[in-house]
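Read the structure below first, then the notes.
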Amino acid sequence: MSGFRTLLYKEVLRFWKVAFQTVAAPVLTALLYLLIFAHVLENRIEINNLRYTAFLVPGLVMMSVLQNAFANSSSSLIQAKVTGSIIFVLLPPISYGEFFLAYVGAAVLRGAMVGLGVLAVTACFAPLQFVAPWWIFAFALAGGAIMGSLGLIAGVWADKFDQLSAFQNFLILPLTMLSGVFYSIHSLPPFWQKASHLNPFFYLIDGLRYGFFGVSDVSPFISLAVSAAAFLAVGVGALRLLRSGYKLRY
Amino acid sequence: MPSTAMNAAVSIQRVSKRFGRVQALDGVCLEIGAGEFFGLLGPNGAGKTTLISCLAGLTRPDSGKVSVKGFDVQDDYRQARRQLGVVPQELVFDPFFTVRETLRIQSGYFGLRGNDDWIDEILENLDLTAKAETNMRHLSGGMKRRVLVAQALVHRPPVIVLDEPTAGVDVELRQGLWQFVRRLNGEGHTVILTTHYLEEAEALCARIAMLKQGRVVALDSTRHLLERFSVHKLSLRVEAADRLPEAVTRRASFSEGYLNVLLGGVEEVEPLLAAIRQAGCPIRDMRMNTTDLEDVFIEVMSGQDAARPEAAR
Ligand SMILES: Nc1ncnc2c1ncn2[C@@H]1O[C@H](COP(=O)(O)OP(=O)(O)O)[C@@H](O)[C@H]1O
Ligand SMILES: [Mg+2]
């Protein structure tokens, strides 16, 4: 497993060396969302007896976790493929399982760092509770792992940066934005409520909110089950892709 | 020399690989013995890099078997890859790290921690010590190439493969690199080299395979290849040339006072000289030009039937 340790270390070092872009920038983005939405809506909306700003924070945290976990594994892989430096991890005796764990592990760590950063800065603006910290941990981990795996699949599949940003802009961004970051899905018309239940990110965000406030749209157990199933699906998909050597070993 | 499967450093058995409509490798068979300095030559697109990729597990052949030190590169990939150090043809690098970080990370991939003594030694030998803490982005092309060599050596692989390692490297560095690689070979490492500089291959490699359109068209010791393909040209200045026998003049031509005779091999020199002596023609001057690997290469590559090595002989 020593190959795994070094690969994980290298993947973490890679984003940490440019932490200003990979950690600080997304924290700032989330803070801007909070300030703008809170300014506009703070005194008009209350959801589940929560002030809007408080309601918004877990959503922003999860959105940051998801987007950054995806960005980490996908951009690392596409960059290594485009520059050819992928060869350095293909030549050593590293199994596809180790490969998967290292890339997803680094993605989870980046997601967690950004998530903690967002929490730290937004905590100044919103009264937060931590009713069920284990749920917070579980959903943050699940979100990072799902998106780290998805980013791995996208990074292996894509040949160009454009394809990756298309993936990001037309799939990941809409799904996160429409998953209840900014609103409770109970405020939606029935059709869109149903549609939201098909979005796995909804469960991640709803579950994380439960961890903070002890209230949620659906039971956290259901959310965790759905999240685990989603991780299983993308995780198995990513592992099979790696084992087949698709686009990595011709 | 051709070795048995038991102590073969590399064994390639009927390996074929097709990319779309291109048959990159077409039933390649090669055995490379432990400790050999082996040359893999061929024009661009002959399949050299593809063959190396099969060896390294970067490419999966459509058919055939490849093993390194007896370990199958697919079934026993962990062991096989430990035995192998590959210097890729492309000048690739990871722009996030310094030279030392790059080498430490590469060591870690092979499960080696605290490898700094060996890393320092490699850096020293490749004249990179002063650049150890420099970011990869800030190195010249030649230095990046040497870092690639260093990366291939971090785990002290018994088999070292260099895919055109001197492309774009200046003469002085080339000399230094060859000195180092020769030393590694002397210490028992098997070295497999592809290069465009045929004089390099001639000077370094004891045995050579020539590849053309994915097939091995020549495989022999460098000495034999040179002998087999060589057309020695013997130039003589003789007196009373009109007395030379028909047997000699038939295969000769005159230019600038010299009699030029093309010989199939060195063994033909003695009988020729004897014939001239018998005719009573004193020899005043004598020059001999031998072919080099370049001539052999051109000869082999222009061969009509490239499929069978015998045909190329
Ligand atoms: N990944 C690939 N996809 C498609 N064609 C390839 C690929 N790699 C090599 N080829 C083709 O296979 C042939 C052999 O290439 P290569 O092994 O790089 O030759 P060499 O190293 O001897 O110059 C060439 O025609 C090349 O275009
Ligand atoms: Mg090549």
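In the structure tokens, chains take the letters A, B, ... in the order shown, each chain's residues start at 1, and ligands count up from 1 in the order shown.
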Considering only C-alpha atoms, give me a table of residues in chain B that are at most 6 Å from chain A, with the closest atom pair and distance in Å for each, as CSV.
```
residue,atom,partner,partner_atom,distance
B:Leu58,CA,A:Arg249,CA,4.9
B:Thr59,CA,A:Tyr250,CA,4.7
B:Arg78,CA,A:Pro93,CA,4.5
B:Arg81,CA,A:Pro93,CA,5.7
B:Val92,CA,A:Ser85,CA,5.5
B:Phe93,CA,A:Ser85,CA,5.5
B:Asp94,CA,A:Ser85,CA,5.8
B:Gly108,CA,A:Thr6,CA,5.3
B:Tyr109,CA,A:Gly3,CA,4.1
B:Phe110,CA,A:Gly3,CA,5.9
B:Gly111,CA,A:Ser2,CA,4.8
```
* Protein and nucleic acid residues within 8 Å of ligand 1 (only C-alpha atoms and all ligand atoms) as number ranges by chain -> A: 250; B: 18-20, 22-25, 41-52, 163, 211, 213-214
* To do: Skip stretch 113-125 of chain A itself and residues of its chain fewer than 4 positions away, then list as number ranges by chain all residues within 6 Å of it, counting only C-alpha atoms.
  => A: 23, 27, 61, 64-65
Can those selected residues be exported to a file as a short mmCIF file (atom, residue, chain, number, x, y, z; two decimals), in the first residue's frame so that it contains N, CA, C and O atoms?
```cif
data_model
loop_
_atom_site.label_atom_id
_atom_site.label_comp_id
_atom_site.auth_asym_id
_atom_site.auth_seq_id
_atom_site.Cartn_x
_atom_site.Cartn_y
_atom_site.Cartn_z
N VAL A 23 -8.34 26.40 -2.58
CA VAL A 23 -9.08 26.42 -1.31
C VAL A 23 -9.63 27.81 -1.03
O VAL A 23 -10.83 27.99 -0.81
N VAL A 27 -13.74 29.39 -1.16
CA VAL A 27 -14.30 29.89 0.10
C VAL A 27 -14.85 31.29 -0.11
O VAL A 27 -15.95 31.63 0.33
N VAL A 61 -21.91 24.99 2.22
CA VAL A 61 -20.80 24.10 2.60
C VAL A 61 -20.82 22.87 1.70
O VAL A 61 -19.80 22.50 1.10
N SER A 64 -19.81 23.55 -1.88
CA SER A 64 -18.36 23.73 -2.01
C SER A 64 -17.64 22.38 -1.96
O SER A 64 -16.70 22.14 -2.72
N VAL A 65 -18.08 21.53 -1.04
CA VAL A 65 -17.47 20.19 -0.94
C VAL A 65 -17.61 19.47 -2.27
O VAL A 65 -16.64 18.94 -2.83
#
```
* **Contacts of A:Leu152 at 8 Å (only C-alpha atoms; same-chain gap of 6+ positions) as a VMD selection string** => chain A and resid 70 73 to 74 77 100 103 to 104 238
* Please identify all polymer residues within 9 Å of stretch 113-118 of chain B, counting only C-alpha atoms, omitting same-chain residues fewer than 2 positions from it, and present them as a PyMOL selection string. => (chain A and resi 2) or (chain B and resi 100+103-104+107-108+110-111+120-123+154-156)
Residues as selected, C-alpha atoms, written as an mmCIF file, in the first residue's frame, can you do that?
```cif
data_model
loop_
_atom_site.group_PDB
_atom_site.id
_atom_site.type_symbol
_atom_site.label_atom_id
_atom_site.label_comp_id
_atom_site.auth_asym_id
_atom_site.auth_seq_id
_atom_site.Cartn_x
_atom_site.Cartn_y
_atom_site.Cartn_z
ATOM 1 C CA SER A 2 2.996 2.331 0.075
ATOM 2 C CA ARG B 100 14.050 16.350 -5.503
ATOM 3 C CA LEU B 103 12.397 11.845 -7.325
ATOM 4 C CA ARG B 104 11.145 11.299 -3.781
ATOM 5 C CA SER B 107 10.581 6.470 -5.069
ATOM 6 C CA GLY B 108 7.445 6.421 -2.942
ATOM 7 C CA PHE B 110 7.760 1.975 -5.598
ATOM 8 C CA GLY B 111 7.378 1.785 -1.853
ATOM 9 C CA ASP B 120 21.798 12.116 -4.360
ATOM 10 C CA GLU B 121 24.030 9.662 -6.172
ATOM 11 C CA ILE B 122 21.847 9.697 -9.277
ATOM 12 C CA LEU B 123 21.682 13.492 -9.204
ATOM 13 C CA VAL B 154 15.042 5.578 -8.378
ATOM 14 C CA HIS B 155 14.105 1.967 -7.683
ATOM 15 C CA ARG B 156 17.385 0.537 -9.048
#
```
* What does the distance from atom CA of A:Trp16 to atom CA of A:Leu150 come to in Å, to one decimal? ->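 Calculated distance between atom CA of A:Trp16 and atom CA of A:Leu150 is 21.1 Å.
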* Do you have the atom CA of A:Phe221-atom CA of A:Gln193 distance handy? ->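 Straight-line distance from atom CA of A:Phe221 to atom CA of A:Gln193 works out to 19.2 Å.
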* To do: Extract, using only C-alpha atoms, all DNA, RNA and protein residues at most 10 Å from A:Met177, discarding same-chain residues fewer than 5 positions from it, and format them as a PyMOL selection string.
  => chain A and resi 59-60+63+172+182-183+201-202
* To do: Could you find all residues in stretch 59-169 of chain A that DSSP calls helix (DSSP H, G or I) from the backbone, and write them as a PyMOL selection string?
  => chain A and resi 59-83+87-90+96-122+133-157+161-169
